[in-house]
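Visitor: Structure file structure-v3.tsv (TSV, C-alpha atoms) right here:
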```
chain	number	residue	atom	x	y	z
A	1456	MET	CA	124.91	93.50	102.20
A	1457	SER	CA	125.09	94.27	105.90
A	1458	THR	CA	122.09	93.66	108.10
A	1459	SER	CA	121.75	97.33	108.90
A	1460	LEU	CA	121.29	98.20	105.24
A	1461	ILE	CA	118.88	95.35	104.68
A	1462	TYR	CA	116.67	96.30	107.58
A	1463	SER	CA	116.26	99.87	106.53
A	1464	MET	CA	113.19	101.86	105.70
A	1465	ASP	CA	112.69	105.03	103.71
A	1466	LEU	CA	109.71	107.31	103.94
A	1467	SER	CA	109.04	110.52	102.06
A	1468	PHE	CA	106.16	112.98	102.16
A	1469	PRO	CA	105.16	116.46	100.98
A	1470	SER	CA	106.17	119.48	103.03
A	1471	GLU	CA	102.84	120.16	104.62
A	1472	LEU	CA	102.17	120.31	108.33
A	1473	GLY	CA	100.25	117.25	109.48
A	1474	TYR	CA	102.43	114.75	107.62
A	1475	GLU	CA	104.84	114.69	110.55
A	1476	VAL	CA	102.14	112.76	112.44
A	1477	ILE	CA	102.09	110.06	109.75
A	1478	ALA	CA	105.90	109.94	109.75
A	1479	ARG	CA	105.87	109.59	113.52
A	1480	ASP	CA	103.47	106.62	113.36
A	1481	ALA	CA	105.42	104.95	110.52
A	1482	VAL	CA	108.77	105.26	112.24
A	1483	SER	CA	107.45	104.16	115.62
A	1484	ALA	CA	106.02	101.02	114.00
A	1485	PHE	CA	109.46	100.38	112.49
A	1486	ALA	CA	111.16	101.02	115.85
A	1487	ARG	CA	108.83	98.55	117.56
A	1488	ARG	CA	109.90	95.87	115.10
A	1489	MET	CA	113.48	96.74	115.93
A	1490	GLY	CA	112.79	96.04	119.56
A	1491	LEU	CA	113.05	99.58	120.90
A	1492	SER	CA	111.36	99.90	124.30
A	1493	ALA	CA	108.01	101.66	124.68
A	1494	GLU	CA	109.63	104.48	126.60
A	1495	ARG	CA	112.29	105.07	123.97
A	1496	ILE	CA	109.59	105.02	121.31
A	1497	GLU	CA	107.80	107.85	123.11
A	1498	ASP	CA	111.06	109.85	123.05
A	1499	LEU	CA	111.51	109.00	119.40
A	1500	LYS	CA	107.98	110.15	118.52
A	1501	THR	CA	108.51	113.58	120.01
A	1502	ALA	CA	112.02	114.04	118.61
A	1503	LEU	CA	111.05	112.85	115.14
A	1504	SER	CA	107.96	115.07	115.01
A	1505	GLU	CA	110.09	118.08	115.88
A	1506	ALA	CA	112.70	117.17	113.27
A	1507	CYS	CA	110.02	116.72	110.59
A	1508	ILE	CA	108.28	120.00	111.46
A	1509	ASN	CA	111.64	121.72	111.23
A	1510	ALA	CA	112.26	120.19	107.78
A	1511	ILE	CA	108.74	121.05	106.56
A	1512	GLU	CA	108.61	124.60	107.87
A	1513	HIS	CA	112.17	125.71	107.74
A	1514	GLY	CA	114.17	123.53	105.33
A	1515	ASN	CA	111.41	123.33	102.72
A	1516	SER	CA	109.58	126.56	103.60
A	1517	LEU	CA	106.19	124.81	103.62
A	1518	ARG	CA	106.33	124.19	99.87
A	1519	PRO	CA	104.23	121.04	99.29
A	1520	ASP	CA	106.07	120.32	96.04
A	1521	LEU	CA	109.25	119.77	98.04
A	1522	ARG	CA	109.68	116.56	99.95
A	1523	VAL	CA	110.96	115.50	103.31
A	1524	THR	CA	112.70	112.12	103.39
A	1525	VAL	CA	113.17	110.00	106.49
A	1526	HIS	CA	115.72	107.15	106.36
A	1527	CYS	CA	115.81	104.66	109.21
A	1528	HIS	CA	118.33	101.91	109.70
A	1529	LEU	CA	119.56	99.67	112.41
A	1530	GLU	CA	123.09	99.70	113.76
A	1531	PRO	CA	124.25	96.97	116.16
A	1532	ASP	CA	123.00	98.71	119.27
A	1533	ARG	CA	120.92	101.59	118.05
A	1534	LEU	CA	118.37	102.88	115.61
A	1535	VAL	CA	119.51	105.75	113.40
A	1536	ILE	CA	117.05	108.10	111.75
A	1537	GLU	CA	117.91	110.79	109.23
A	1538	VAL	CA	115.48	113.53	108.30
A	1539	VAL	CA	116.46	115.22	105.05
A	1540	ASP	CA	114.90	118.29	103.45
A	1541	GLU	CA	115.53	120.01	100.14
A	1542	GLY	CA	117.11	122.99	101.78
A	1543	THR	CA	115.41	126.16	100.58
A	1544	ALA	CA	116.77	127.78	103.69
A	1545	GLU	CA	120.18	127.03	105.04
A	1546	PHE	CA	120.12	126.08	108.62
A	1547	VAL	CA	122.27	127.96	111.06
A	1548	VAL	CA	123.24	125.85	114.00
A	1549	ARG	CA	123.90	127.66	117.19
A	1550	ASP	CA	126.50	126.34	119.49
A	1551	ASN	CA	124.43	126.87	122.57
A	1552	LEU	CA	120.81	125.95	122.42
A	1553	PRO	CA	118.66	128.08	124.68
A	1554	THR	CA	117.74	126.62	128.01
A	1555	ILE	CA	114.16	126.41	129.22
A	1556	SER	CA	114.73	129.26	131.66
A	1557	GLU	CA	115.97	131.46	128.83
A	1558	LYS	CA	112.84	130.49	126.87
A	1559	VAL	CA	110.57	131.36	129.73
A	1560	ALA	CA	112.41	134.62	130.07
A	1561	GLY	CA	111.70	135.24	126.37
A	1562	LEU	CA	115.29	134.88	125.33
A	1563	GLY	CA	116.14	133.16	122.06
A	1564	PRO	CA	113.84	132.22	119.18
A	1565	LEU	CA	110.99	129.81	119.77
A	1566	ARG	CA	112.29	127.50	117.06
A	1567	GLY	CA	115.13	126.48	119.29
A	1568	MET	CA	112.64	124.69	121.53
A	1569	GLY	CA	112.19	121.86	119.04
A	1570	LEU	CA	115.92	121.43	118.70
A	1571	MET	CA	116.36	121.48	122.44
A	1572	LEU	CA	113.82	118.69	122.78
A	1573	ILE	CA	115.51	116.67	120.07
A	1574	SER	CA	118.94	116.97	121.63
A	1575	GLN	CA	117.60	115.90	125.02
A	1576	LEU	CA	115.50	112.97	123.83
A	1577	CYS	CA	118.04	111.33	121.52
A	1578	ASP	CA	121.19	109.56	122.53
A	1579	GLU	CA	122.91	111.45	119.80
A	1580	SER	CA	121.76	114.13	117.37
A	1581	SER	CA	123.51	116.13	114.74
A	1582	PHE	CA	122.61	118.57	112.05
A	1583	GLU	CA	124.47	119.15	108.84
A	1584	PRO	CA	123.89	120.69	105.45
A	1585	CYS	CA	124.16	117.97	102.77
A	1586	ALA	CA	124.28	117.98	98.96
A	1587	ASN	CA	120.87	119.48	98.28
A	1588	GLY	CA	119.46	120.25	101.66
A	1589	ASN	CA	119.84	119.77	105.36
A	1590	ARG	CA	120.14	116.53	107.26
A	1591	MET	CA	119.20	115.94	110.87
A	1592	ARG	CA	120.53	112.71	112.28
A	1593	LEU	CA	119.00	111.13	115.39
A	1594	ALA	CA	120.18	108.01	117.17
A	1595	PHE	CA	118.35	105.95	119.79
A	1596	SER	CA	120.04	103.19	121.76
A	1597	ARG	CA	118.16	99.97	122.18
B	689	MET	CA	116.50	91.68	119.06
B	690	MET	CA	114.15	91.53	116.13
B	691	LEU	CA	110.52	90.96	116.88
B	692	GLU	CA	109.10	88.13	114.86
B	693	ASP	CA	106.88	86.50	117.29
B	694	GLU	CA	104.25	88.59	118.92
B	695	LEU	CA	101.76	85.98	120.05
B	696	THR	CA	101.31	84.38	123.43
B	697	VAL	CA	99.32	81.15	123.47
B	698	SER	CA	98.26	79.42	126.68
B	699	THR	CA	95.73	76.78	127.61
B	700	ARG	CA	93.44	76.26	130.60
B	701	GLU	CA	90.28	74.35	131.45
B	702	ARG	CA	87.05	75.85	132.72
B	703	ASP	CA	83.74	74.05	133.29
B	704	GLY	CA	84.63	71.24	130.92
B	705	VAL	CA	85.80	73.57	128.17
B	706	ALA	CA	89.40	73.67	126.97
B	707	ILE	CA	90.28	77.30	126.50
B	708	ILE	CA	93.15	78.37	124.26
B	709	ASP	CA	94.01	82.01	124.97
B	710	LEU	CA	95.53	83.91	122.06
B	711	VAL	CA	97.09	87.25	122.89
B	712	GLY	CA	98.86	89.11	120.11
B	713	ASP	CA	99.27	88.72	116.37
B	714	VAL	CA	97.88	85.71	114.55
B	715	THR	CA	100.09	85.43	111.47
B	716	THR	CA	102.29	82.81	109.87
B	717	PHE	CA	104.54	82.88	112.97
B	718	ALA	CA	101.63	81.60	115.08
B	719	GLU	CA	101.33	78.21	113.42
B	720	GLU	CA	103.43	76.04	115.72
B	721	LYS	CA	102.11	77.60	118.92
B	722	ILE	CA	98.45	77.31	118.00
B	723	ASN	CA	98.79	73.77	116.65
B	724	ALA	CA	100.74	72.69	119.75
B	725	ALA	CA	98.08	74.14	122.07
B	726	TYR	CA	95.34	72.40	120.12
B	727	ARG	CA	97.21	69.06	120.20
B	728	GLU	CA	97.73	69.44	123.93
B	729	VAL	CA	94.04	69.96	124.77
B	730	THR	CA	93.00	67.25	122.31
B	731	ASN	CA	95.42	64.76	123.84
B	732	ASP	CA	93.87	65.63	127.19
B	733	GLY	CA	90.51	64.57	125.76
B	734	ALA	CA	88.88	67.96	125.20
B	735	ARG	CA	85.45	67.79	123.58
B	736	PHE	CA	84.74	71.51	123.71
B	737	VAL	CA	87.43	73.88	122.53
B	738	LEU	CA	87.28	77.65	122.81
B	739	LEU	CA	89.73	79.91	120.97
B	740	ASN	CA	89.68	82.96	123.18
B	741	PHE	CA	90.99	86.10	121.46
B	742	ARG	CA	91.67	89.40	123.21
B	743	GLN	CA	90.45	91.88	120.64
B	744	ASN	CA	93.63	91.04	118.71
B	745	ASP	CA	94.20	93.73	116.15
B	746	TYR	CA	96.20	91.70	113.68
B	747	ILE	CA	95.01	88.43	112.21
B	748	ASN	CA	96.01	87.93	108.60
B	749	SER	CA	95.24	85.39	105.87
B	750	ALA	CA	98.09	83.15	107.04
B	751	GLY	CA	96.50	83.20	110.50
B	752	ILE	CA	93.12	82.39	108.98
B	753	ALA	CA	94.69	79.40	107.20
B	754	ILE	CA	96.00	78.13	110.56
B	755	LEU	CA	92.52	78.43	112.06
B	756	ILE	CA	90.98	76.59	109.09
B	757	GLY	CA	93.49	73.84	109.87
B	758	ILE	CA	92.18	73.71	113.44
B	759	VAL	CA	88.57	73.52	112.17
B	760	THR	CA	89.59	70.62	109.92
B	761	GLU	CA	90.99	68.74	112.91
B	762	VAL	CA	88.03	69.61	115.15
B	763	ASN	CA	85.64	68.14	112.56
B	764	ARG	CA	87.80	65.04	112.23
B	765	ASN	CA	87.95	64.58	116.02
B	766	ASN	CA	84.23	65.26	116.60
B	767	GLN	CA	84.93	68.16	118.91
B	768	LYS	CA	82.99	71.40	119.16
B	769	LEU	CA	84.80	74.68	118.49
B	770	ALA	CA	83.85	78.24	119.37
B	771	VAL	CA	85.67	81.57	119.29
B	772	SER	CA	85.31	84.54	121.60
B	773	GLY	CA	86.86	87.96	122.10
B	774	LEU	CA	87.18	88.81	118.41
B	775	SER	CA	87.00	92.46	117.44
B	776	GLN	CA	84.08	93.53	115.25
B	777	HIS	CA	86.39	93.61	112.24
B	778	PHE	CA	87.61	90.06	112.66
B	779	GLN	CA	84.11	88.79	113.42
B	780	LYS	CA	83.25	90.17	109.99
B	781	ILE	CA	86.31	88.55	108.39
B	782	PHE	CA	85.47	85.18	110.02
B	783	ARG	CA	81.96	85.39	108.56
B	784	MET	CA	83.27	86.34	105.11
B	785	VAL	CA	85.70	83.44	105.01
B	786	GLY	CA	83.08	80.97	106.25
B	787	LEU	CA	84.79	80.14	109.55
B	788	ALA	CA	81.66	81.26	111.41
B	789	GLN	CA	79.76	78.29	109.97
B	790	TYR	CA	82.14	75.91	111.71
B	791	ALA	CA	82.93	77.79	114.92
B	792	GLU	CA	80.27	79.75	116.79
B	793	ILE	CA	81.33	83.32	117.45
B	794	TYR	CA	80.67	84.68	120.95
B	795	GLN	CA	81.40	88.12	122.29
B	796	ASP	CA	83.29	86.86	125.30
B	797	GLU	CA	84.40	83.82	127.25
B	798	GLU	CA	81.38	83.93	129.62
B	799	GLU	CA	78.90	83.70	126.80
B	800	ALA	CA	80.83	80.89	125.10
B	801	ILE	CA	81.08	78.82	128.31
B	802	GLY	CA	77.35	79.24	128.95
B	803	ARG	CA	76.48	77.97	125.49
B	804	PHE	CA	78.88	75.04	125.73
B	805	GLN	CA	77.28	74.04	129.03
B	806	GLN	CA	73.83	74.16	127.43
B	807	ALA	CA	75.12	71.99	124.57
B	808	ALA	CA	76.68	69.53	127.03
B	809	ALA	CA	73.39	69.27	128.93
B	810	GLU	CA	71.35	68.49	125.80
C	523	MET	CA	96.37	117.25	106.40
C	524	SER	CA	93.69	119.80	105.56
C	525	ASP	CA	93.42	120.42	101.86
C	526	GLU	CA	93.87	124.14	101.43
C	527	THR	CA	91.05	125.43	99.26
C	528	SER	CA	93.22	128.36	98.24
C	529	GLN	CA	95.83	126.08	96.79
C	530	PRO	CA	95.95	126.86	93.08
C	531	GLU	CA	97.52	123.76	91.53
C	532	ARG	CA	96.43	120.22	92.22
C	533	LEU	CA	99.49	118.66	93.70
C	534	GLU	CA	99.42	114.94	94.22
C	535	LYS	CA	100.17	114.46	97.85
C	536	VAL	CA	101.91	111.14	98.03
C	537	ILE	CA	103.53	109.40	100.96
C	538	GLU	CA	106.15	106.91	99.82
C	539	LEU	CA	107.28	104.07	102.05
C	540	ARG	CA	110.03	101.59	101.14
C	541	LEU	CA	110.20	98.50	103.32
C	542	PRO	CA	112.52	95.50	103.56
C	543	SER	CA	111.03	92.22	102.29
C	544	LYS	CA	110.77	90.53	105.63
C	545	LEU	CA	107.56	89.29	107.17
C	546	GLY	CA	106.50	91.52	110.03
C	547	TYR	CA	107.32	94.76	108.24
C	548	GLU	CA	103.83	94.82	106.75
C	549	ARG	CA	102.96	96.13	110.21
C	550	VAL	CA	104.75	99.38	109.37
C	551	ALA	CA	102.64	99.82	106.25
C	552	MET	CA	99.46	99.04	108.23
C	553	ASP	CA	100.26	101.59	110.92
C	554	THR	CA	101.24	104.26	108.40
C	555	ALA	CA	98.09	103.78	106.32
C	556	SER	CA	95.83	103.71	109.35
C	557	SER	CA	97.44	106.87	110.73
C	558	LEU	CA	96.71	108.64	107.46
C	559	ALA	CA	93.21	107.19	107.06
C	560	ARG	CA	92.19	108.18	110.59
C	561	ARG	CA	93.32	111.74	109.99
C	562	MET	CA	91.40	111.80	106.72
C	563	GLY	CA	88.25	110.97	108.67
C	564	PHE	CA	87.65	107.32	107.76
C	565	PRO	CA	85.48	105.54	110.34
C	566	ASP	CA	87.07	102.77	112.45
C	567	ASP	CA	85.59	99.87	110.49
C	568	ARG	CA	86.96	101.24	107.21
C	569	VAL	CA	90.37	101.80	108.78
C	570	ASP	CA	90.34	98.16	109.92
C	571	SER	CA	89.44	97.00	106.41
C	572	LEU	CA	92.24	99.11	104.98
C	573	LYS	CA	94.72	97.63	107.47
C	574	THR	CA	93.79	94.09	106.52
C	575	ALA	CA	93.95	94.86	102.79
C	576	ILE	CA	97.32	96.58	102.97
C	577	SER	CA	98.72	93.84	105.19
C	578	GLU	CA	97.71	91.22	102.63
C	579	ALA	CA	99.13	93.23	99.73
C	580	VAL	CA	102.47	93.85	101.46
C	581	THR	CA	102.70	90.26	102.75
C	582	ASN	CA	102.15	89.03	99.17
C	583	ALA	CA	104.86	91.36	97.89
C	584	ILE	CA	107.30	90.14	100.56
C	585	GLU	CA	106.56	86.43	100.28
C	586	HIS	CA	105.68	86.03	96.66
C	587	GLY	CA	106.98	88.90	94.54
C	588	ASN	CA	110.25	89.38	96.38
C	589	GLN	CA	110.60	85.79	97.62
C	590	GLN	CA	111.48	87.03	101.14
C	591	ASP	CA	114.80	88.47	99.97
C	592	ALA	CA	115.08	91.13	102.69
C	593	ALA	CA	117.35	93.29	100.53
C	594	MET	CA	114.52	93.74	98.03
C	595	LYS	CA	112.15	96.55	98.72
C	596	VAL	CA	108.40	96.76	98.82
C	597	VAL	CA	107.23	100.21	97.78
C	598	VAL	CA	103.97	101.51	99.22
C	599	LEU	CA	102.45	104.74	97.90
C	600	LEU	CA	99.64	106.40	99.81
C	601	THR	CA	97.80	109.19	98.03
C	602	ALA	CA	95.25	111.16	100.00
C	603	LEU	CA	92.46	112.57	97.83
C	604	GLU	CA	89.43	114.68	98.74
C	605	ASP	CA	87.16	111.66	98.40
C	606	GLY	CA	89.36	108.73	99.19
C	607	LEU	CA	92.71	107.12	99.62
C	608	ILE	CA	94.72	105.35	96.93
C	609	VAL	CA	97.16	102.71	98.10
C	610	SER	CA	99.63	101.18	95.70
C	611	VAL	CA	101.92	98.32	96.67
C	612	ALA	CA	104.72	97.21	94.34
C	613	ASP	CA	107.39	94.55	94.60
C	614	GLN	CA	110.49	93.85	92.53
C	615	GLY	CA	108.90	90.91	90.81
C	616	ARG	CA	111.14	87.93	91.35
C	617	LYS	CA	108.01	85.99	90.70
C	618	PRO	CA	105.05	87.32	88.73
C	619	LEU	CA	101.56	86.92	90.08
C	620	ALA	CA	99.46	84.36	88.23
C	621	GLN	CA	96.42	85.96	86.66
C	622	VAL	CA	94.13	83.31	88.11
C	623	SER	CA	95.17	84.12	91.67
C	624	THR	CA	93.87	87.67	91.24
C	625	THR	CA	90.33	86.57	90.45
C	626	ASN	CA	89.61	83.36	92.33
C	627	SER	CA	87.14	83.01	95.18
C	628	PRO	CA	88.32	80.39	97.66
C	629	LYS	CA	85.81	78.18	99.48
C	630	ILE	CA	86.41	77.00	103.01
C	631	GLU	CA	85.06	73.51	102.28
C	632	GLU	CA	87.69	73.10	99.57
C	633	ALA	CA	90.37	74.36	101.96
C	634	PHE	CA	89.44	71.59	104.44
C	635	GLU	CA	90.47	69.05	101.79
C	636	ARG	CA	93.74	70.73	100.86
C	637	ASP	CA	97.06	70.62	102.72
C	638	ASP	CA	97.58	74.32	101.97
C	639	LYS	CA	94.66	76.08	103.60
C	640	GLY	CA	95.77	79.54	102.50
C	641	GLY	CA	95.04	81.62	99.44
C	642	TRP	CA	92.67	84.11	101.07
C	643	GLY	CA	94.79	87.24	100.84
C	644	ILE	CA	93.95	88.62	97.41
C	645	TRP	CA	90.32	87.64	97.80
C	646	LEU	CA	90.17	89.58	101.07
C	647	ILE	CA	91.68	92.64	99.38
C	648	ARG	CA	89.02	92.49	96.66
C	649	GLU	CA	86.24	92.07	99.21
C	650	LEU	CA	87.40	94.88	101.49
C	651	MET	CA	88.48	97.65	99.10
C	652	ASP	CA	86.25	99.70	96.80
C	653	GLU	CA	88.51	99.42	93.74
C	654	VAL	CA	91.32	96.92	93.14
C	655	GLU	CA	93.57	96.63	90.12
C	656	PHE	CA	96.54	94.37	89.49
C	657	SER	CA	99.23	95.43	87.05
C	658	THR	CA	102.95	95.41	86.37
C	659	ALA	CA	104.88	98.11	88.22
C	660	PRO	CA	107.26	100.46	86.35
C	661	SER	CA	110.04	98.51	88.10
C	662	GLY	CA	108.80	95.35	86.39
C	663	GLY	CA	107.39	93.88	89.58
C	664	ASN	CA	103.84	93.15	90.60
C	665	GLN	CA	101.67	96.07	91.58
C	666	VAL	CA	98.31	96.28	93.22
C	667	ARG	CA	96.38	99.55	93.33
C	668	MET	CA	93.58	99.78	95.83
C	669	VAL	CA	91.14	102.61	96.44
C	670	ILE	CA	88.99	103.15	99.49
C	671	HIS	CA	86.28	105.80	99.20
C	672	LEU	CA	85.58	108.39	101.83
C	673	GLU	CA	81.82	108.73	102.11
```
Translate this structure into structure tokens?

Guide:
Amino acid sequence: MSTSLIYSMDLSFPSELGYEVIARDAVSAFARRMGLSAERIEDLKTALSEACINAIEHGNSLRPDLRVTVHCHLEPDRLVIEVVDEGTAEFVVRDNLPTISEKVAGLGPLRGMGLMLISQLCDESSFEPCANGNRMRLAFSR
Amino acid sequence: MMLEDELTVSTRERDGVAIIDLVGDVTTFAEEKINAAYREVTNDGARFVLLNFRQNDYINSAGIAILIGIVTEVNRNNQKLAVSGLSQHFQKIFRMVGLAQYAEIYQDEEEAIGRFQQAAAE
Amino acid sequence: MSDETSQPERLEKVIELRLPSKLGYERVAMDTASSLARRMGFPDDRVDSLKTAISEAVTNAIEHGNQQDAAMKVVVLLTALEDGLIVSVADQGRKPLAQVSTTNSPKIEEAFERDDKGGWGIWLIRELMDEVEFSTAPSGGNQVRMVIHLE
């Protein structure tokens, strides 16, 4: 088995706000072991919290019987995190995320703010519907 | 890079006391470093040895076993051992395990040095 | 993390964590459990006790139960209740835990005489947690269930 699969971690929790804080602390402890710098870990914390809140509120519609799963694994030069929900609501990805000035001007939905943060804090982020839900993929270089 | 080793061990001498500073995690990975530091000060003739922690937040049972090994050697070599800088939690653990009977626990380095000097004067 | 009083059914709110069997990763379990315990309102000294207990349980699972085969997982379940926190740690049981090791009380004077000065982990768990139970996990591995009460 490849190293990246061996040094992987899975975390799952109920879709209730507040659990994203626990997920954030779990994944940042994992990232520290992987040798991610303190600064990158701060980025990761914010991006991951946003991704989890999105999965809890939107993907799983705040239903505590549905679960959010976070997979983390190491690739040669980066840490990859996937946040998966059970997809009660299909996610519509917009091509152009609103800019901060559009936000301030009241343009675009507030939700986009979390996604904007995620895309700016990660080295790579993507969002895709998967078998039974949505999957947000975040990558952080080491 | 995978982090396995998160302990820094260094030695210094102050007022006749050999101080071993332990910064970081005291787990199974700490064994060689701690034993090497102890051997070094012992070879230099230390009679008073202080293990100076820095409110370390992770000492586990493997770390405790290493410290019991040090106590065993200290008794064999007729040295005196003290510890300082332990968090409240690990002061409690040291008492539970019985380490406190063999190594006086002081809040900080100053207090430990003062007591060692008193002991040396007696 | 607030328990909604309006919530009709009693859902078990479980956090599941699956870790590789490599020493050092017990840190992830410690940080996850302490994050949850703090938010549940446990005082600092209880959080510290929980961290030590979970570290010993996960370290045992890595070293003993899974024989440090990194591909084997250690499964940690954290269940937040109104009056406490249940922590369950299970391994894949390459090596079963001897019954005697779950009940012994080591003595430091005896450790001085032995080459192996360890053996404090399970005893520490029993001393620090309010309820401790050893059993066989559904996976066939070793399982320890620990409860810490919220006063």

Visitor: Using all atoms listed in the file, which chain A residues lie at most 10 Å away from chain B, written as a list in words?

Guide: Ala1486, Arg1487, Arg1488, Met1489, Gly1490, Leu1491, Pro1531, Asp1532 and Arg1597 of chain A

Visitor: With only C-alpha atoms considered, list every residue of chain C at most 12 Å from chain A, as a ChimeraX atom specification.

Guide: /C:523-526,529-562,590-602

Visitor: Quick one: everything within 9 Å of region 739-746 of chain B, counting only C-alpha atoms, minus sequence neighbours fewer than 3 positions away in the same chain. Send it as a list of chain:residue names.

Guide: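 Result of the neighbour search: B:Ala706, B:Ile707, B:Ile708, B:Asp709, B:Leu710, B:Val711, B:Gly712, B:Asp713, B:Val714, B:Thr715, B:Leu769, B:Ala770, B:Val771, B:Ser772, B:Gly773, B:Leu774, B:Ser775, B:Gln776, B:His777, B:Phe778, B:Asp796, B:Glu797, C:Arg549, C:Asp570, C:Lys573, C:Thr574.
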
Visitor: Find the residues in chain B near chain C: any atom within 9 Å counts, using all atoms listed in the file. Write them as number ranges by chain.

Guide: B: 691-693, 715-716, 745-754, 756-757, 759-760, 776-778, 781, 784-787

Visitor: Could you tell me how far CA of Arg1592 (chain A) sits from CA of Val1535 (chain A), in Å to one decimal place?

Guide: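 Pair CA of Val1535 (chain A) / CA of Arg1592 (chain A) returns 7.1 Å.
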
Visitor: Can you tell me, as a PDB file with C-alpha atoms, in the frame of the given file, which residues sit within 10 Å of (104.9, 100.5, 89.9) in the file's frame, using all atoms listed in the file?

Guide:
```pdb
ATOM      1  CA  VAL C 597     107.230 100.210  97.780  1.00  0.00           C
ATOM      2  CA  VAL C 598     103.970 101.510  99.220  1.00  0.00           C
ATOM      3  CA  LEU C 599     102.450 104.740  97.900  1.00  0.00           C
ATOM      4  CA  SER C 610      99.630 101.180  95.700  1.00  0.00           C
ATOM      5  CA  VAL C 611     101.920  98.320  96.670  1.00  0.00           C
ATOM      6  CA  ALA C 612     104.720  97.210  94.340  1.00  0.00           C
ATOM      7  CA  ASP C 613     107.390  94.550  94.600  1.00  0.00           C
ATOM      8  CA  GLN C 614     110.490  93.850  92.530  1.00  0.00           C
ATOM      9  CA  SER C 657      99.230  95.430  87.050  1.00  0.00           C
ATOM     10  CA  THR C 658     102.950  95.410  86.370  1.00  0.00           C
ATOM     11  CA  ALA C 659     104.880  98.110  88.220  1.00  0.00           C
ATOM     12  CA  PRO C 660     107.260 100.460  86.350  1.00  0.00           C
ATOM     13  CA  SER C 661     110.040  98.510  88.100  1.00  0.00           C
ATOM     14  CA  GLY C 662     108.800  95.350  86.390  1.00  0.00           C
ATOM     15  CA  GLY C 663     107.390  93.880  89.580  1.00  0.00           C
ATOM     16  CA  ASN C 664     103.840  93.150  90.600  1.00  0.00           C
ATOM     17  CA  GLN C 665     101.670  96.070  91.580  1.00  0.00           C
ATOM     18  CA  VAL C 666      98.310  96.280  93.220  1.00  0.00           C
ATOM     19  CA  ARG C 667      96.380  99.550  93.330  1.00  0.00           C
TER      20      ARG C 667
END
```

Visitor: Would you compute the distance between CA of Leu695 (chain B) and CA of Glu720 (chain B)? Give it in Å to one decimal.

Guide: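 Going from CA of Leu695 (chain B) over to CA of Glu720 (chain B) covers 11.0 Å.
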
Visitor: Please measure the separation of CA of Ile1536 (chain A) and CA of Phe717 (chain B), giving the value in Å to one decimal.

Guide: 28.2 Å

Visitor: Using only C-alpha atoms, which residue out of B:Asp732, B:Asn763, B:Ala809, B:Leu738 lies closest to Ile793 (chain B)?

Guide: B:Leu738
